[in-house]
>>> print(open('protein.csv').read())   # CSV, C-alpha atoms
chain,number,residue,atom,x,y,z
A,1,MET,CA,166.3,116.3,88.6
A,2,THR,CA,167.9,113.6,86.4
A,3,HIS,CA,171.2,111.8,86.5
A,4,GLN,CA,171.6,111.9,82.7
A,5,ASN,CA,173.2,115.3,82.2
A,6,ALA,CA,174.4,116.0,85.7
A,7,LYS,CA,177.7,117.6,86.3
A,8,LEU,CA,179.3,115.3,88.8
A,9,LEU,CA,181.2,116.5,91.8
A,10,THR,CA,184.8,115.4,92.1
A,11,THR,CA,184.0,112.7,94.6
A,12,PRO,CA,181.1,111.5,96.9
A,13,CYS,CA,183.5,111.8,99.9
A,14,ILE,CA,182.1,113.7,102.8
A,15,GLY,CA,185.3,113.7,104.9
A,16,LYS,CA,184.2,110.9,107.3
A,17,CYS,CA,186.1,108.0,105.8
A,18,SER,CA,186.2,104.8,107.8
A,19,THR,CA,188.1,102.7,105.2
A,20,THR,CA,191.4,103.9,106.7
A,21,PHE,CA,190.3,102.0,109.8
A,22,GLY,CA,189.7,98.8,108.0
A,23,ASP,CA,186.0,99.0,106.9
A,24,ASP,CA,185.2,97.5,103.5
A,25,VAL,CA,182.5,100.1,103.0
A,26,CYS,CA,183.0,103.8,104.0
A,27,ARG,CA,180.6,104.9,106.8
A,28,GLY,CA,180.7,108.4,105.3
A,29,CYS,CA,180.1,108.2,101.6
A,30,ARG,CA,179.1,104.5,101.5
A,31,ARG,CA,181.5,103.6,98.7
A,32,PHE,CA,183.4,100.3,98.7
A,33,ALA,CA,187.1,100.7,99.6
A,34,GLU,CA,188.1,99.6,96.1
A,35,GLU,CA,185.8,102.4,94.6
A,36,ILE,CA,187.6,105.0,96.8
A,37,ILE,CA,191.0,103.8,95.7
A,38,GLN,CA,190.1,103.6,92.0
A,39,TRP,CA,187.9,106.7,91.9
A,40,ASN,CA,190.3,109.0,90.0
A,41,LEU,CA,190.8,106.2,87.4
A,42,TYR,CA,187.1,105.8,86.7
A,43,ASP,CA,185.4,107.4,83.7
A,44,GLN,CA,182.3,109.5,84.1
A,45,THR,CA,180.0,106.6,83.2
A,46,ILE,CA,181.3,104.5,86.1
A,47,LYS,CA,181.3,107.5,88.5
A,48,GLN,CA,177.7,108.2,87.5
A,49,SER,CA,176.6,104.7,88.2
A,50,ILE,CA,178.2,104.8,91.6
A,51,TRP,CA,176.4,108.1,92.4
A,52,ILE,CA,173.1,106.6,91.3
A,53,ARG,CA,173.6,103.5,93.5
A,54,LEU,CA,174.6,105.7,96.5
A,55,ASP,CA,171.5,107.9,96.0
A,56,ARG,CA,169.3,104.8,95.9
A,57,GLN,CA,170.8,103.5,99.1
A,58,ILE,CA,170.2,106.9,100.9
A,59,ASP,CA,166.7,107.2,99.6
A,60,GLN,CA,165.9,103.7,100.7
A,61,VAL,CA,167.1,104.3,104.3
A,62,LEU,CA,166.6,108.0,104.9
A,63,MET,CA,163.4,109.0,103.2
A,64,PRO,CA,161.1,106.8,105.2
A,65,LEU,CA,162.4,108.7,108.3
A,66,CYS,CA,161.6,112.1,106.7
A,67,PRO,CA,158.1,111.8,105.3
A,68,ASN,CA,157.3,115.5,105.7
A,69,VAL,CA,160.4,117.0,104.2
A,70,ASN,CA,159.8,120.3,102.4
A,71,ILE,CA,162.0,119.8,99.3
A,72,ASP,CA,161.9,123.5,98.4
A,73,GLN,CA,163.1,124.5,101.8
A,74,LEU,CA,165.7,121.8,101.7
A,75,TYR,CA,167.1,123.0,98.3
A,76,ALA,CA,167.1,126.6,99.6
A,77,PHE,CA,169.1,125.5,102.7
A,78,ILE,CA,171.6,123.5,100.6
A,79,GLU,CA,172.1,126.5,98.2
A,80,ASN,CA,172.4,129.0,101.1
A,81,LYS,CA,175.0,126.8,102.9
A,82,LYS,CA,176.8,126.2,99.6
A,83,ILE,CA,176.8,122.5,100.2
A,84,GLY,CA,178.3,120.7,97.2
A,85,ILE,CA,176.1,117.9,95.8
A,86,PRO,CA,175.4,116.9,92.3
A,87,HIS,CA,172.5,118.7,90.6
A,88,SER,CA,171.0,115.3,90.0
A,89,ALA,CA,171.0,114.4,93.7
A,90,SER,CA,168.0,112.6,95.1
A,91,LYS,CA,165.9,113.9,97.9
A,92,GLY,CA,167.6,111.5,100.3
A,93,ARG,CA,171.1,112.8,99.3
A,94,CYS,CA,169.9,116.3,99.8
A,95,CYS,CA,168.5,115.5,103.3
A,96,TYR,CA,171.8,113.7,104.2
A,97,ALA,CA,173.9,116.5,102.9
A,98,GLY,CA,171.8,119.1,104.7
A,99,GLN,CA,172.0,117.1,108.0
A,100,SER,CA,175.7,116.4,107.8
A,101,LYS,CA,176.7,120.1,107.4
A,102,THR,CA,174.7,121.4,110.3
>>> encode(input="protein.csv", output="structure tokens")
Amino acid sequence: MTHQNAKLLTTPCIGKCSTTFGDDVCRGCRRFAEEIIQWNLYDQTIKQSIWIRLDRQIDQVLMPLCPNVNIDQLYAFIENKKIGIPHSASKGRCCYAGQSKT
């Protein structure tokens, strides 16, 4: 999956925002508070670059913890549960999305 022609979701928000409690970085979606505030004003290029950064962070942290993930089963689970993630989502984002909805 590539980030180039991906249809982006409205927001990376997963409904666990901690910026309302004073965090500079949301513990749910990992965006900076300023990015959350400005999200609806950003064009698709800026949004896409944020998605890519977030995916890289998740991959860096989560994938070493899941070395035996079966990506086909993971994608089937996400589709079955109708979990909303970009088509361009990395393996790490898919693992995170699948885990946060169970």
>>> atom_distance(input="protein.csv", atom1="atom CA of Met63 of chain A", atom2="atom CA of Thr20 of chain A")
28.7 Å
>>> atom_distance(input="protein.csv", atom1="atom CA of Gly15 of chain A", atom2="atom CA of Arg27 of chain A")
10.2 Å
>>> closest_residue(input="protein.csv", among="A:Gln48, A:Cys95, A:His87, A:Thr11", to="Asn70 of chain A", atoms="only C-alpha atoms")
A:Cys95
>>> atom_distance(input="protein.csv", atom1="atom CA of Leu54 of chain A", atom2="atom CA of Arg30 of chain A")
6.8 Å
>>> residues_around(input="protein.csv", residues="Asp72 of chain A", least_positions_apart="6", cutoff="12 Å", atoms="all atoms listed in the file", output="list in words")
Ile78, Glu79, Lys91, Cys94 and Cys95 of chain A
>>> closest_residue(input="protein.csv", among="A:Ile71, A:Trp51, A:Thr10, A:Gln60", to="Ser88 of chain A", atoms="all atoms listed in the file")
A:Trp51
>>> closest_residue(input="protein.csv", among="A:Ile14, A:Cys66, A:Cys29, A:Ala76", to="Ile50 of chain A", atoms="only C-alpha atoms")
A:Cys29
>>> residues_around(input="protein.csv", residues="Arg53 of chain A", least_positions_apart="3", cutoff="12 Å", atoms="all atoms listed in the file", output="list in words")
His3, Pro12, Cys29, Arg30, Arg31, Phe32, Ile46, Lys47, Gln48, Ser49, Ile50, Arg56, Gln57, Ile58, Asp59, Gln60, Ala89, Ser90 and Arg93 of chain A
>>> closest_residue(input="protein.csv", among="A:Lys82, A:Ile52, A:Ala97, A:Gln73", to="Gly28 of chain A", atoms="all atoms listed in the file")
A:Ala97
>>> closest_residue(input="protein.csv", among="A:Ile85, A:Cys13, A:Gly92, A:Val69", to="Ala33 of chain A", atoms="all atoms listed in the file")
A:Cys13
>>> closest_residue(input="protein.csv", among="A:Val61, A:Asp24, A:Asn40, A:Gly98", to="Ile83 of chain A", atoms="all atoms listed in the file")
A:Gly98
